[in-house]
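Participant: Structure below; questions to follow.
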Amino acid sequence: MSMQEKSELEILSDNLIIAFFRFKRMMANRHGSQNNLDKTCHGLKNSEIMTLFRLKHFEENYPDGISVSELSDSMEVRPPSVTSVITVLEQKNMVQRCMDLKDRRKIRIKLTEAGNQFIENNKKKVFFGVKGLVEHLGPEKSKQLADLINETDNYFSSVTTNK
């Protein structure tokens, strides 16, 4: 089928597929650059790093710590996946489990001093590249890109959930 015979929908779909592959390659290259993070004595995996940054993000709203279910909901992963990452981070003294003061059946997760120190040592390195992209795209396109990525993720999550 020649380009002229393809419908606009097929052409747009082809362009999106190519863009997704380029985005995937770009993100894989960015993950490789995370080797610049200060992993001294920690040997952290990307999932562990993401969890630490997520915990830091919720620290203000959850001063007593966040539950595994709340954390897994925010990360859109299943609780057992988060639990296994938390167990590793706890063994590395990056997080601690605390009993919920209001409901003793619940366990809350908090960053330790070592976890907070890791975040502080690496925050600038993680956000530097994104800041450059925001400056390159400008505020309007940056917001539009974030909205489109989130909307795309929501779409594919709903399609996967409904199967």
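All residue names refer to the structure tokens as shown: chains lettered A, B, ... in order, residues numbered from 1 in each chain, ligands numbered from 1 in order.
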DSSP on the backbone: which residues in chain A end up as alpha helix (DSSP H)? Give the answer as an MDAnalysis selection string.
Facilitator: chainID A and resid 8:33 46:58 68:75 79:91 113:137 139:161
Participant: Generate the output file for the selected residues, C-alpha atoms, as a CSV table (one decimal), in the first residue's frame.
Facilitator:
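The new file part_19.csv reads:
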```csv
chain,number,residue,atom,x,y,z
A,8,GLU,CA,-5.0,9.7,7.6
A,9,LEU,CA,-5.7,7.5,10.6
A,10,GLU,CA,-3.1,4.9,9.3
A,11,ILE,CA,-0.5,7.6,8.7
A,12,LEU,CA,-1.0,9.2,12.1
A,13,SER,CA,-0.8,5.7,13.7
A,14,ASP,CA,2.4,5.0,11.9
A,15,ASN,CA,3.9,8.3,13.0
A,16,LEU,CA,2.9,7.6,16.6
A,17,ILE,CA,4.4,4.1,16.5
A,18,ILE,CA,7.7,5.6,15.3
A,19,ALA,CA,7.5,8.4,18.0
A,20,PHE,CA,6.9,5.7,20.7
A,21,PHE,CA,9.9,3.8,19.6
A,22,ARG,CA,12.0,6.9,19.6
A,23,PHE,CA,10.7,7.8,23.1
A,24,LYS,CA,11.5,4.4,24.4
A,25,ARG,CA,15.0,4.6,23.0
A,26,MET,CA,15.4,8.1,24.5
A,27,MET,CA,14.2,6.9,27.9
A,28,ALA,CA,16.5,3.9,27.8
A,29,ASN,CA,19.4,6.3,27.1
A,30,ARG,CA,18.3,8.5,30.0
A,31,HIS,CA,18.2,5.6,32.4
A,32,GLY,CA,21.7,4.8,31.4
A,33,SER,CA,22.7,8.3,32.4
A,46,ASN,CA,16.0,2.3,39.2
A,47,SER,CA,12.8,1.0,40.9
A,48,GLU,CA,14.4,1.6,44.3
A,49,ILE,CA,15.5,5.1,43.3
A,50,MET,CA,12.0,5.9,41.9
A,51,THR,CA,10.5,4.7,45.2
A,52,LEU,CA,12.8,6.9,47.3
A,53,PHE,CA,12.0,10.0,45.2
A,54,ARG,CA,8.3,9.1,45.5
A,55,LEU,CA,8.5,8.8,49.3
A,56,LYS,CA,10.2,12.2,49.4
A,57,HIS,CA,7.4,13.6,47.2
A,58,PHE,CA,4.8,12.5,49.8
A,68,VAL,CA,2.2,0.6,51.0
A,69,SER,CA,-1.2,0.7,49.4
A,70,GLU,CA,-1.2,4.5,49.2
A,71,LEU,CA,2.3,4.4,47.7
A,72,SER,CA,1.5,1.6,45.2
A,73,ASP,CA,-1.7,3.5,44.1
A,74,SER,CA,0.4,6.6,43.5
A,75,MET,CA,3.0,4.6,41.5
A,79,PRO,CA,1.3,-3.6,46.4
A,80,PRO,CA,3.5,-6.8,46.4
A,81,SER,CA,5.9,-5.0,44.0
A,82,VAL,CA,6.2,-2.0,46.3
A,83,THR,CA,6.6,-4.3,49.3
A,84,SER,CA,9.5,-6.1,47.8
A,85,VAL,CA,11.2,-2.8,46.9
A,86,ILE,CA,10.5,-1.4,50.4
A,87,THR,CA,12.1,-4.6,52.0
A,88,VAL,CA,15.3,-4.1,50.0
A,89,LEU,CA,15.4,-0.3,50.9
A,90,GLU,CA,14.8,-1.2,54.5
A,91,GLN,CA,17.7,-3.6,54.4
A,113,GLU,CA,18.3,9.9,57.3
A,114,ALA,CA,20.3,7.8,54.8
A,115,GLY,CA,17.3,7.9,52.4
A,116,ASN,CA,17.0,11.6,52.8
A,117,GLN,CA,20.7,12.1,52.3
A,118,PHE,CA,20.6,10.0,49.1
A,119,ILE,CA,17.7,12.3,47.8
A,120,GLU,CA,19.6,15.5,48.7
A,121,ASN,CA,22.8,14.2,47.0
A,122,ASN,CA,21.0,13.3,43.8
A,123,LYS,CA,18.1,15.7,43.4
A,124,LYS,CA,20.0,18.2,41.3
A,125,LYS,CA,21.4,15.5,39.0
A,126,VAL,CA,18.0,14.0,38.4
A,127,PHE,CA,16.2,17.3,37.7
A,128,PHE,CA,18.9,19.0,35.8
A,129,GLY,CA,18.1,17.3,32.5
A,130,VAL,CA,14.4,17.9,32.9
A,131,LYS,CA,14.9,21.5,33.7
A,132,GLY,CA,16.9,21.9,30.4
A,133,LEU,CA,14.1,20.3,28.5
A,134,VAL,CA,11.5,22.7,30.1
A,135,GLU,CA,13.8,25.6,29.1
A,136,HIS,CA,14.1,24.2,25.6
A,137,LEU,CA,10.4,23.5,25.1
A,139,PRO,CA,6.3,26.3,29.7
A,140,GLU,CA,3.3,25.8,27.3
A,141,LYS,CA,4.9,22.9,25.4
A,142,SER,CA,6.3,21.4,28.6
A,143,LYS,CA,2.8,21.3,30.1
A,144,GLN,CA,1.3,20.0,26.9
A,145,LEU,CA,3.9,17.2,26.8
A,146,ALA,CA,3.3,16.2,30.4
A,147,ASP,CA,-0.5,16.3,29.8
A,148,LEU,CA,-0.2,14.1,26.7
A,149,ILE,CA,2.1,11.6,28.3
A,150,ASN,CA,-0.2,11.3,31.3
A,151,GLU,CA,-3.3,11.0,29.1
A,152,THR,CA,-1.5,8.4,27.0
A,153,ASP,CA,-0.6,6.4,30.1
A,154,ASN,CA,-4.2,6.7,31.4
A,155,TYR,CA,-5.5,5.4,28.0
A,156,PHE,CA,-3.3,2.4,27.9
A,157,SER,CA,-3.9,1.6,31.5
A,158,SER,CA,-7.7,1.7,30.9
A,159,VAL,CA,-7.3,-0.5,27.8
A,160,THR,CA,-5.2,-3.0,29.7
A,161,THR,CA,-7.6,-3.0,32.7
```
Participant: Each residue of range 21-93 of chain A with at least one atom at most 8 Å from range 102-108 of chain A should appear once, together with its nearest atom pair and the corresponding distance in Å (one decimal); atoms considered: only C-alpha atoms; ordering: chain, then increasing residue number; output as a Markdown table.
Facilitator:
```
| residue | atom | partner | partner_atom | distance |
| --- | --- | --- | --- | --- |
| A:Asp64 | CA | A:Arg108 | CA | 7.0 |
| A:Gly65 | CA | A:Arg108 | CA | 4.8 |
| A:Ile66 | CA | A:Arg108 | CA | 4.9 |
| A:Ser67 | CA | A:Arg108 | CA | 4.6 |
| A:Val68 | CA | A:Arg108 | CA | 7.1 |
```
Participant: Could you find all residues in range 18-152 of chain A that DSSP calls strand (DSSP E) from the backbone, and write them as a list in words?
Facilitator: Ile66, Ser67, Val95, Gln96, Arg97, Cys98, Met99, Ile107, Arg108, Ile109, Lys110 and Leu111 of chain A
Participant: Can I get the selection written as a compact mmCIF listing (two decimals), in the first residue's frame, with C-alpha atoms?
Facilitator:
```txt
# COMPACT_ATOMS: atom_id res chain seq x y z
CA ILE A 66 2.75 6.55 53.78
CA SER A 67 1.13 3.11 53.62
CA VAL A 95 13.51 3.55 54.65
CA GLN A 96 11.87 2.41 57.84
CA ARG A 97 8.54 0.84 58.62
CA CYS A 98 6.57 2.46 61.44
CA MET A 99 3.32 1.49 63.09
CA ILE A 107 2.33 0.08 58.71
CA ARG A 108 3.70 3.36 57.40
CA ILE A 109 6.87 3.84 55.34
CA LYS A 110 9.25 6.77 55.92
CA LEU A 111 12.64 7.79 54.60
```
Participant: Between CA of Leu44 in chain A and CA of Met94 in chain A, what is the distance, to one decimal in Å?
Facilitator: 10.2 Å
